[in-house]
>>> print(open('entry_35.pdb').read())   # PDB, C-alpha atoms
ATOM      1  CA  MET A  29     -28.832 -10.670 -56.704  1.00  0.00           C
ATOM      2  CA  ALA A  30     -27.406 -14.180 -56.463  1.00  0.00           C
ATOM      3  CA  THR A  31     -28.357 -16.850 -58.974  1.00  0.00           C
ATOM      4  CA  GLN A  32     -29.874 -20.185 -58.018  1.00  0.00           C
ATOM      5  CA  THR A  33     -26.522 -21.851 -58.711  1.00  0.00           C
ATOM      6  CA  GLU A  34     -24.746 -19.361 -56.437  1.00  0.00           C
ATOM      7  CA  HIS A  35     -27.252 -20.049 -53.650  1.00  0.00           C
ATOM      8  CA  LEU A  36     -26.913 -23.815 -54.034  1.00  0.00           C
ATOM      9  CA  THR A  37     -23.107 -23.573 -54.160  1.00  0.00           C
ATOM     10  CA  SER A  38     -23.181 -21.555 -50.945  1.00  0.00           C
ATOM     11  CA  LEU A  39     -25.448 -24.142 -49.330  1.00  0.00           C
ATOM     12  CA  TRP A  40     -23.114 -26.972 -50.351  1.00  0.00           C
ATOM     13  CA  LYS A  41     -19.989 -25.110 -49.144  1.00  0.00           C
ATOM     14  CA  GLU A  42     -21.570 -24.403 -45.760  1.00  0.00           C
ATOM     15  CA  SER A  43     -22.725 -27.986 -45.302  1.00  0.00           C
ATOM     16  CA  ARG A  44     -19.253 -29.330 -46.076  1.00  0.00           C
ATOM     17  CA  THR A  45     -17.819 -27.354 -43.149  1.00  0.00           C
ATOM     18  CA  ARG A  46     -19.212 -30.182 -40.961  1.00  0.00           C
ATOM     19  CA  LEU A  47     -16.412 -32.275 -42.474  1.00  0.00           C
ATOM     20  CA  GLU A  48     -13.792 -29.582 -43.108  1.00  0.00           C
ATOM     21  CA  ASN A  49     -13.765 -28.305 -39.520  1.00  0.00           C
ATOM     22  CA  GLN A  50     -12.727 -31.740 -38.221  1.00  0.00           C
ATOM     23  CA  LEU A  51      -9.876 -32.459 -40.615  1.00  0.00           C
ATOM     24  CA  SER A  52      -7.171 -30.481 -38.808  1.00  0.00           C
ATOM     25  CA  SER A  53      -7.706 -32.473 -35.604  1.00  0.00           C
ATOM     26  CA  ILE A  54      -7.375 -35.915 -37.231  1.00  0.00           C
ATOM     27  CA  THR A  55      -4.109 -37.770 -36.651  1.00  0.00           C
ATOM     28  CA  THR A  56      -2.656 -40.761 -38.459  1.00  0.00           C
ATOM     29  CA  PHE A  57      -3.485 -42.833 -35.364  1.00  0.00           C
ATOM     30  CA  ASP A  58      -7.140 -41.759 -35.632  1.00  0.00           C
ATOM     31  CA  LEU A  59      -7.453 -43.240 -39.126  1.00  0.00           C
ATOM     32  CA  LYS A  60      -7.570 -46.763 -37.662  1.00  0.00           C
ATOM     33  CA  LYS A  61     -10.212 -45.935 -35.050  1.00  0.00           C
ATOM     34  CA  LYS A  62     -13.578 -47.672 -35.211  1.00  0.00           C
ATOM     35  CA  LEU A  63     -16.718 -47.668 -33.129  1.00  0.00           C
ATOM     36  CA  ALA A  64     -17.568 -51.214 -32.116  1.00  0.00           C
ATOM     37  CA  PRO A  65     -19.290 -53.114 -33.627  1.00  0.00           C
ATOM     38  CA  SER A  66     -18.888 -51.078 -36.846  1.00  0.00           C
ATOM     39  CA  PRO A  67     -16.441 -52.591 -39.324  1.00  0.00           C
ATOM     40  CA  ASN A  68     -15.460 -49.241 -40.859  1.00  0.00           C
ATOM     41  CA  SER A  69     -12.527 -47.134 -39.725  1.00  0.00           C
ATOM     42  CA  LEU A  70     -12.271 -43.365 -39.790  1.00  0.00           C
ATOM     43  CA  GLY A  71      -9.819 -43.662 -42.698  1.00  0.00           C
ATOM     44  CA  PHE A  72     -12.301 -45.763 -44.665  1.00  0.00           C
ATOM     45  CA  LEU A  73     -15.033 -43.159 -44.116  1.00  0.00           C
ATOM     46  CA  LEU A  74     -12.773 -40.351 -45.346  1.00  0.00           C
ATOM     47  CA  ARG A  75     -11.971 -42.290 -48.524  1.00  0.00           C
ATOM     48  CA  HIS A  76     -15.671 -43.167 -48.933  1.00  0.00           C
ATOM     49  CA  ILE A  77     -16.569 -39.465 -48.863  1.00  0.00           C
ATOM     50  CA  VAL A  78     -13.987 -38.875 -51.620  1.00  0.00           C
ATOM     51  CA  ASP A  79     -15.374 -41.725 -53.718  1.00  0.00           C
ATOM     52  CA  VAL A  80     -18.984 -40.597 -53.480  1.00  0.00           C
ATOM     53  CA  GLU A  81     -18.261 -36.903 -54.063  1.00  0.00           C
ATOM     54  CA  LEU A  82     -16.318 -37.749 -57.221  1.00  0.00           C
ATOM     55  CA  LEU A  83     -19.026 -40.141 -58.407  1.00  0.00           C
ATOM     56  CA  PHE A  84     -21.623 -37.387 -57.975  1.00  0.00           C
ATOM     57  CA  ALA A  85     -19.413 -34.878 -59.800  1.00  0.00           C
ATOM     58  CA  LYS A  86     -18.977 -37.261 -62.730  1.00  0.00           C
ATOM     59  CA  ASN A  87     -22.250 -39.179 -62.975  1.00  0.00           C
ATOM     60  CA  VAL A  88     -24.796 -36.667 -61.673  1.00  0.00           C
ATOM     61  CA  PHE A  89     -23.400 -33.234 -62.492  1.00  0.00           C
ATOM     62  CA  GLY A  90     -21.486 -34.106 -65.664  1.00  0.00           C
ATOM     63  CA  ALA A  91     -17.777 -33.738 -64.810  1.00  0.00           C
ATOM     64  CA  LYS A  92     -16.897 -36.209 -67.562  1.00  0.00           C
ATOM     65  CA  GLY A  93     -13.107 -35.825 -67.220  1.00  0.00           C
ATOM     66  CA  THR A  94     -13.209 -36.934 -63.589  1.00  0.00           C
ATOM     67  CA  LYS A  95     -11.165 -40.058 -62.920  1.00  0.00           C
ATOM     68  CA  ILE A  96     -12.505 -42.240 -60.127  1.00  0.00           C
ATOM     69  CA  ILE A  97     -11.914 -45.761 -58.912  1.00  0.00           C
ATOM     70  CA  ALA A  98     -14.418 -45.982 -56.064  1.00  0.00           C
ATOM     71  CA  LYS A  99     -12.454 -48.451 -53.966  1.00  0.00           C
ATOM     72  CA  THR A 100     -14.708 -48.260 -50.906  1.00  0.00           C
ATOM     73  CA  ILE A 101     -17.760 -48.981 -53.011  1.00  0.00           C
ATOM     74  CA  ILE A 102     -16.050 -51.747 -54.975  1.00  0.00           C
ATOM     75  CA  ALA A 103     -14.743 -53.480 -51.819  1.00  0.00           C
ATOM     76  CA  GLN A 104     -17.959 -52.816 -49.850  1.00  0.00           C
ATOM     77  CA  HIS A 105     -15.971 -53.129 -46.625  1.00  0.00           C
ATOM     78  CA  ASP A 106     -12.953 -51.638 -44.902  1.00  0.00           C
ATOM     79  CA  THR A 107      -9.802 -53.262 -46.260  1.00  0.00           C
ATOM     80  CA  GLY A 108      -7.579 -51.499 -43.715  1.00  0.00           C
ATOM     81  CA  GLU A 109      -5.612 -49.597 -46.344  1.00  0.00           C
ATOM     82  CA  TRP A 110      -6.789 -46.045 -45.563  1.00  0.00           C
ATOM     83  CA  THR A 111      -3.924 -45.036 -43.263  1.00  0.00           C
ATOM     84  CA  ASP A 112      -2.097 -42.273 -45.172  1.00  0.00           C
ATOM     85  CA  LEU A 113      -3.485 -39.058 -43.676  1.00  0.00           C
ATOM     86  CA  GLU A 114      -1.695 -36.689 -46.032  1.00  0.00           C
ATOM     87  CA  LYS A 115      -2.952 -38.571 -49.092  1.00  0.00           C
ATOM     88  CA  LEU A 116      -6.522 -38.718 -47.753  1.00  0.00           C
ATOM     89  CA  ILE A 117      -6.519 -34.960 -47.052  1.00  0.00           C
ATOM     90  CA  LEU A 118      -5.267 -34.278 -50.592  1.00  0.00           C
ATOM     91  CA  MET A 119      -7.968 -36.548 -51.989  1.00  0.00           C
ATOM     92  CA  LEU A 120     -10.637 -34.777 -49.915  1.00  0.00           C
ATOM     93  CA  ASP A 121      -9.380 -31.401 -51.147  1.00  0.00           C
ATOM     94  CA  ASN A 122      -9.560 -32.681 -54.717  1.00  0.00           C
ATOM     95  CA  SER A 123     -13.061 -34.147 -54.395  1.00  0.00           C
ATOM     96  CA  ARG A 124     -14.258 -30.885 -52.811  1.00  0.00           C
ATOM     97  CA  ASP A 125     -12.739 -28.815 -55.618  1.00  0.00           C
ATOM     98  CA  VAL A 126     -13.999 -31.067 -58.430  1.00  0.00           C
ATOM     99  CA  LEU A 127     -17.526 -31.161 -57.029  1.00  0.00           C
ATOM    100  CA  MET A 128     -17.605 -27.420 -56.309  1.00  0.00           C
ATOM    101  CA  ASP A 129     -16.339 -26.614 -59.796  1.00  0.00           C
ATOM    102  CA  ILE A 130     -19.006 -28.688 -61.541  1.00  0.00           C
ATOM    103  CA  ILE A 131     -21.779 -27.398 -59.245  1.00  0.00           C
ATOM    104  CA  GLN A 132     -20.769 -23.836 -60.143  1.00  0.00           C
ATOM    105  CA  LYS A 133     -21.004 -24.688 -63.855  1.00  0.00           C
ATOM    106  CA  GLN A 134     -24.696 -25.640 -63.625  1.00  0.00           C
ATOM    107  CA  ASP A 135     -27.125 -23.101 -65.012  1.00  0.00           C
ATOM    108  CA  ALA A 136     -30.646 -22.411 -63.777  1.00  0.00           C
ATOM    109  CA  THR A 137     -32.269 -24.976 -66.067  1.00  0.00           C
ATOM    110  CA  ASP A 138     -29.789 -27.729 -65.138  1.00  0.00           C
ATOM    111  CA  TRP A 139     -31.196 -27.998 -61.610  1.00  0.00           C
ATOM    112  CA  GLU A 140     -34.490 -29.426 -62.918  1.00  0.00           C
ATOM    113  CA  VAL A 141     -32.840 -32.009 -65.195  1.00  0.00           C
ATOM    114  CA  GLU A 142     -33.641 -35.523 -64.012  1.00  0.00           C
ATOM    115  CA  ILE A 143     -30.825 -38.000 -63.435  1.00  0.00           C
ATOM    116  CA  LYS A 144     -31.370 -41.724 -63.025  1.00  0.00           C
ATOM    117  CA  THR A 145     -28.976 -43.888 -61.033  1.00  0.00           C
ATOM    118  CA  LYS A 146     -29.249 -47.407 -59.687  1.00  0.00           C
ATOM    119  CA  GLU A 147     -28.321 -46.096 -56.220  1.00  0.00           C
ATOM    120  CA  PHE A 148     -31.156 -43.600 -55.760  1.00  0.00           C
ATOM    121  CA  GLY A 149     -33.444 -43.801 -58.781  1.00  0.00           C
ATOM    122  CA  VAL A 150     -34.697 -40.685 -60.562  1.00  0.00           C
ATOM    123  CA  LYS A 151     -33.922 -37.307 -58.989  1.00  0.00           C
ATOM    124  CA  THR A 152     -33.487 -33.792 -60.288  1.00  0.00           C
ATOM    125  CA  LYS A 153     -29.987 -32.378 -60.006  1.00  0.00           C
ATOM    126  CA  ALA A 154     -31.281 -30.133 -57.205  1.00  0.00           C
ATOM    127  CA  GLN A 155     -32.535 -33.196 -55.313  1.00  0.00           C
ATOM    128  CA  ALA A 156     -29.259 -35.003 -55.992  1.00  0.00           C
ATOM    129  CA  LEU A 157     -27.381 -32.053 -54.500  1.00  0.00           C
ATOM    130  CA  GLY A 158     -29.431 -32.552 -51.347  1.00  0.00           C
ATOM    131  CA  ARG A 159     -28.398 -36.187 -51.406  1.00  0.00           C
ATOM    132  CA  ILE A 160     -24.645 -35.482 -51.585  1.00  0.00           C
ATOM    133  CA  ILE A 161     -24.972 -32.761 -48.939  1.00  0.00           C
ATOM    134  CA  SER A 162     -26.678 -35.164 -46.547  1.00  0.00           C
ATOM    135  CA  HIS A 163     -24.260 -38.002 -47.400  1.00  0.00           C
ATOM    136  CA  THR A 164     -21.169 -35.991 -46.522  1.00  0.00           C
ATOM    137  CA  ALA A 165     -22.793 -34.475 -43.424  1.00  0.00           C
ATOM    138  CA  TYR A 166     -23.951 -37.917 -42.251  1.00  0.00           C
ATOM    139  CA  HIS A 167     -20.446 -39.332 -42.467  1.00  0.00           C
ATOM    140  CA  ALA A 168     -18.960 -36.159 -40.944  1.00  0.00           C
ATOM    141  CA  GLY A 169     -21.159 -36.837 -37.914  1.00  0.00           C
ATOM    142  CA  GLN A 170     -19.858 -40.393 -37.759  1.00  0.00           C
ATOM    143  CA  LEU A 171     -16.298 -39.058 -37.932  1.00  0.00           C
ATOM    144  CA  GLY A 172     -16.938 -36.779 -34.962  1.00  0.00           C
ATOM    145  CA  ILE A 173     -18.258 -39.670 -32.885  1.00  0.00           C
ATOM    146  CA  ILE A 174     -15.370 -41.934 -33.897  1.00  0.00           C
ATOM    147  CA  LEU A 175     -12.843 -39.206 -33.044  1.00  0.00           C
ATOM    148  CA  LYS A 176     -14.391 -38.811 -29.607  1.00  0.00           C
ATOM    149  CA  TYR A 177     -15.250 -42.402 -28.688  1.00  0.00           C
ATOM    150  CA  GLY A 178     -13.478 -44.627 -31.218  1.00  0.00           C
ATOM    151  CA  THR A 179     -10.882 -47.269 -30.449  1.00  0.00           C
ATOM    152  CA  VAL A 180      -8.149 -48.927 -32.469  1.00  0.00           C
ATOM    153  CA  PHE A 181      -8.774 -52.663 -32.533  1.00  0.00           C
ATOM    154  CA  ASN A 182      -6.028 -55.172 -33.293  1.00  0.00           C
TER     155      ASN A 182
END
>>> encode(input="entry_35.pdb", output="structure tokens")
Amino acid sequence: MATQTEHLTSLWKESRTRLENQLSSITTFDLKKKLAPSPNSLGFLLRHIVDVELLFAKNVFGAKGTKIIAKTIIAQHDTGEWTDLEKLILMLDNSRDVLMDIIQKQDATDWEVEIKTKEFGVKTKAQALGRIISHTAYHAGQLGIILKYGTVFN
């Protein structure tokens, strides 16, 4: 019988397929696409997903050795620098692996531990997992729309 952590890891892995299944169709050209009037490009959103997944791994789930400079959160806007597809894919692979590894290290009692952050207040780790699942899925939906309808603006 699967443990609670195994079930939650499975849930997280399945939800991340909403992002993963789109990555192979993204081109370097696509990284500059935006949906008017949104200021954020597809490349910015990919980097933002990386930043937030790593922040959750470190600050919520306890991956203390995780190094993160959350550039999209620091800048709070698209600076136009997210145009290296290969680097972004590697970063997404890393954030996935770091987050999955630390999720898998949680034991049954960890899921009820309360975490307090300025971004979302007090949540249990189980509730915070729901938050990162919905965050990545939300932006994966935006990526799909930008891929289909987005335009590169000069």
>>> residues_around(input="entry_35.pdb", residues="region 125-134 of chain A", least_positions_apart="4", cutoff="10 Å", atoms="only C-alpha atoms", output="ChimeraX atom specification")
/A:32-38,40-41,81-86,88-92,94,119-121,138-139,153,157,160
>>> atom_distance(input="entry_35.pdb", atom1="CA of Gly172 (chain A)", atom2="CA of Arg44 (chain A)")
13.6 Å
>>> resolve_selection(input="entry_35.pdb", expression="the PyMOL selection byres ((chain A and resi 114) around 12)", output="list in words")
Leu51, Ser52, Ile54, Thr55, Thr56, Leu59, Gly71, Leu74, Arg75, Trp110, Thr111, Asp112, Leu113, Lys115, Leu116, Ile117, Leu118, Met119, Leu120 and Asp121 of chain A
>>> closest_residue(input="entry_35.pdb", among="A:Glu140, A:Ala64, A:Ala156, A:His163", to="Val78 (chain A)", atoms="only C-alpha atoms")
A:His163
>>> resolve_selection(input="entry_35.pdb", expression="the PyMOL selection byres ((chain A and resi 171) around 12)", output="PyMOL selection string")
chain A and resi 46-51+53-54+58-63+68-77+164-170+172-178
>>> resolve_selection(input="entry_35.pdb", expression="the PyMOL selection byres ((chain A and resi 144) around 12)", output="PyMOL selection string")
chain A and resi 84+87-89+141-143+145-153+155-156
>>> build_atoms(input="entry_35.pdb", residues="region 91-120 of chain A", atoms="N, CA and C atoms", output="PDB file, keeping the file's coordinate frame")
ATOM      1  N   ALA A  91     -19.226 -33.973 -64.740  1.00  0.00           N
ATOM      2  CA  ALA A  91     -17.777 -33.738 -64.810  1.00  0.00           C
ATOM      3  C   ALA A  91     -17.131 -34.947 -65.486  1.00  0.00           C
ATOM      4  N   LYS A  92     -17.273 -35.012 -66.799  1.00  0.00           N
ATOM      5  CA  LYS A  92     -16.897 -36.209 -67.562  1.00  0.00           C
ATOM      6  C   LYS A  92     -15.415 -36.542 -67.468  1.00  0.00           C
ATOM      7  N   GLY A  93     -14.546 -35.568 -67.299  1.00  0.00           N
ATOM      8  CA  GLY A  93     -13.107 -35.825 -67.220  1.00  0.00           C
ATOM      9  C   GLY A  93     -12.644 -36.348 -65.873  1.00  0.00           C
ATOM     10  N   THR A  94     -13.557 -36.492 -64.942  1.00  0.00           N
ATOM     11  CA  THR A  94     -13.209 -36.934 -63.589  1.00  0.00           C
ATOM     12  C   THR A  94     -12.821 -38.405 -63.597  1.00  0.00           C
ATOM     13  N   LYS A  95     -11.647 -38.677 -63.043  1.00  0.00           N
ATOM     14  CA  LYS A  95     -11.165 -40.058 -62.920  1.00  0.00           C
ATOM     15  C   LYS A  95     -11.480 -40.553 -61.514  1.00  0.00           C
ATOM     16  N   ILE A  96     -12.134 -41.703 -61.437  1.00  0.00           N
ATOM     17  CA  ILE A  96     -12.505 -42.240 -60.127  1.00  0.00           C
ATOM     18  C   ILE A  96     -12.499 -43.761 -60.163  1.00  0.00           C
ATOM     19  N   ILE A  97     -11.809 -44.329 -59.205  1.00  0.00           N
ATOM     20  CA  ILE A  97     -11.914 -45.761 -58.912  1.00  0.00           C
ATOM     21  C   ILE A  97     -12.453 -45.810 -57.488  1.00  0.00           C
ATOM     22  N   ALA A  98     -13.721 -46.070 -57.357  1.00  0.00           N
ATOM     23  CA  ALA A  98     -14.418 -45.982 -56.064  1.00  0.00           C
ATOM     24  C   ALA A  98     -14.123 -47.219 -55.221  1.00  0.00           C
ATOM     25  N   LYS A  99     -12.926 -47.253 -54.666  1.00  0.00           N
ATOM     26  CA  LYS A  99     -12.454 -48.451 -53.966  1.00  0.00           C
ATOM     27  C   LYS A  99     -13.333 -48.856 -52.791  1.00  0.00           C
ATOM     28  N   THR A 100     -13.873 -47.892 -52.062  1.00  0.00           N
ATOM     29  CA  THR A 100     -14.708 -48.260 -50.906  1.00  0.00           C
ATOM     30  C   THR A 100     -16.030 -48.867 -51.349  1.00  0.00           C
ATOM     31  N   ILE A 101     -16.503 -48.449 -52.491  1.00  0.00           N
ATOM     32  CA  ILE A 101     -17.760 -48.981 -53.011  1.00  0.00           C
ATOM     33  C   ILE A 101     -17.518 -50.340 -53.668  1.00  0.00           C
ATOM     34  N   ILE A 102     -16.401 -50.472 -54.346  1.00  0.00           N
ATOM     35  CA  ILE A 102     -16.050 -51.747 -54.975  1.00  0.00           C
ATOM     36  C   ILE A 102     -15.846 -52.820 -53.903  1.00  0.00           C
ATOM     37  N   ALA A 103     -15.048 -52.502 -52.877  1.00  0.00           N
ATOM     38  CA  ALA A 103     -14.743 -53.480 -51.819  1.00  0.00           C
ATOM     39  C   ALA A 103     -15.951 -53.751 -50.926  1.00  0.00           C
ATOM     40  N   GLN A 104     -16.778 -52.742 -50.716  1.00  0.00           N
ATOM     41  CA  GLN A 104     -17.959 -52.816 -49.850  1.00  0.00           C
ATOM     42  C   GLN A 104     -17.628 -53.141 -48.398  1.00  0.00           C
ATOM     43  N   HIS A 105     -16.375 -52.976 -48.024  1.00  0.00           N
ATOM     44  CA  HIS A 105     -15.971 -53.129 -46.625  1.00  0.00           C
ATOM     45  C   HIS A 105     -14.598 -52.481 -46.446  1.00  0.00           C
ATOM     46  N   ASP A 106     -14.233 -52.264 -45.227  1.00  0.00           N
ATOM     47  CA  ASP A 106     -12.953 -51.638 -44.902  1.00  0.00           C
ATOM     48  C   ASP A 106     -11.839 -52.662 -45.083  1.00  0.00           C
ATOM     49  N   THR A 107     -10.926 -52.365 -45.990  1.00  0.00           N
ATOM     50  CA  THR A 107      -9.802 -53.262 -46.260  1.00  0.00           C
ATOM     51  C   THR A 107      -8.584 -52.935 -45.404  1.00  0.00           C
ATOM     52  N   GLY A 108      -8.676 -51.872 -44.596  1.00  0.00           N
ATOM     53  CA  GLY A 108      -7.579 -51.499 -43.715  1.00  0.00           C
ATOM     54  C   GLY A 108      -6.477 -50.698 -44.375  1.00  0.00           C
ATOM     55  N   GLU A 109      -6.679 -50.282 -45.611  1.00  0.00           N
ATOM     56  CA  GLU A 109      -5.612 -49.597 -46.344  1.00  0.00           C
ATOM     57  C   GLU A 109      -5.643 -48.072 -46.241  1.00  0.00           C
ATOM     58  N   TRP A 110      -6.605 -47.501 -45.566  1.00  0.00           N
ATOM     59  CA  TRP A 110      -6.789 -46.045 -45.563  1.00  0.00           C
ATOM     60  C   TRP A 110      -6.064 -45.428 -44.374  1.00  0.00           C
ATOM     61  N   THR A 111      -4.730 -45.461 -44.410  1.00  0.00           N
ATOM     62  CA  THR A 111      -3.924 -45.036 -43.263  1.00  0.00           C
ATOM     63  C   THR A 111      -2.942 -43.914 -43.587  1.00  0.00           C
ATOM     64  N   ASP A 112      -2.990 -43.367 -44.777  1.00  0.00           N
ATOM     65  CA  ASP A 112      -2.097 -42.273 -45.172  1.00  0.00           C
ATOM     66  C   ASP A 112      -2.873 -40.959 -45.075  1.00  0.00           C
ATOM     67  N   LEU A 113      -2.706 -40.270 -43.950  1.00  0.00           N
ATOM     68  CA  LEU A 113      -3.485 -39.058 -43.676  1.00  0.00           C
ATOM     69  C   LEU A 113      -3.245 -37.981 -44.725  1.00  0.00           C
ATOM     70  N   GLU A 114      -2.004 -37.743 -45.061  1.00  0.00           N
ATOM     71  CA  GLU A 114      -1.695 -36.689 -46.032  1.00  0.00           C
ATOM     72  C   GLU A 114      -2.379 -36.969 -47.375  1.00  0.00           C
ATOM     73  N   LYS A 115      -2.317 -38.197 -47.823  1.00  0.00           N
ATOM     74  CA  LYS A 115      -2.952 -38.571 -49.092  1.00  0.00           C
ATOM     75  C   LYS A 115      -4.472 -38.416 -49.014  1.00  0.00           C
ATOM     76  N   LEU A 116      -5.069 -38.847 -47.909  1.00  0.00           N
ATOM     77  CA  LEU A 116      -6.522 -38.718 -47.753  1.00  0.00           C
ATOM     78  C   LEU A 116      -6.953 -37.251 -47.749  1.00  0.00           C
ATOM     79  N   ILE A 117      -6.184 -36.395 -47.079  1.00  0.00           N
ATOM     80  CA  ILE A 117      -6.519 -34.960 -47.052  1.00  0.00           C
ATOM     81  C   ILE A 117      -6.432 -34.378 -48.463  1.00  0.00           C
ATOM     82  N   LEU A 118      -5.391 -34.748 -49.208  1.00  0.00           N
ATOM     83  CA  LEU A 118      -5.267 -34.278 -50.592  1.00  0.00           C
ATOM     84  C   LEU A 118      -6.431 -34.767 -51.447  1.00  0.00           C
ATOM     85  N   MET A 119      -6.835 -35.997 -51.241  1.00  0.00           N
ATOM     86  CA  MET A 119      -7.968 -36.548 -51.989  1.00  0.00           C
ATOM     87  C   MET A 119      -9.267 -35.826 -51.630  1.00  0.00           C
ATOM     88  N   LEU A 120      -9.449 -35.519 -50.346  1.00  0.00           N
ATOM     89  CA  LEU A 120     -10.637 -34.777 -49.915  1.00  0.00           C
ATOM     90  C   LEU A 120     -10.640 -33.369 -50.497  1.00  0.00           C
TER      91      LEU A 120
END
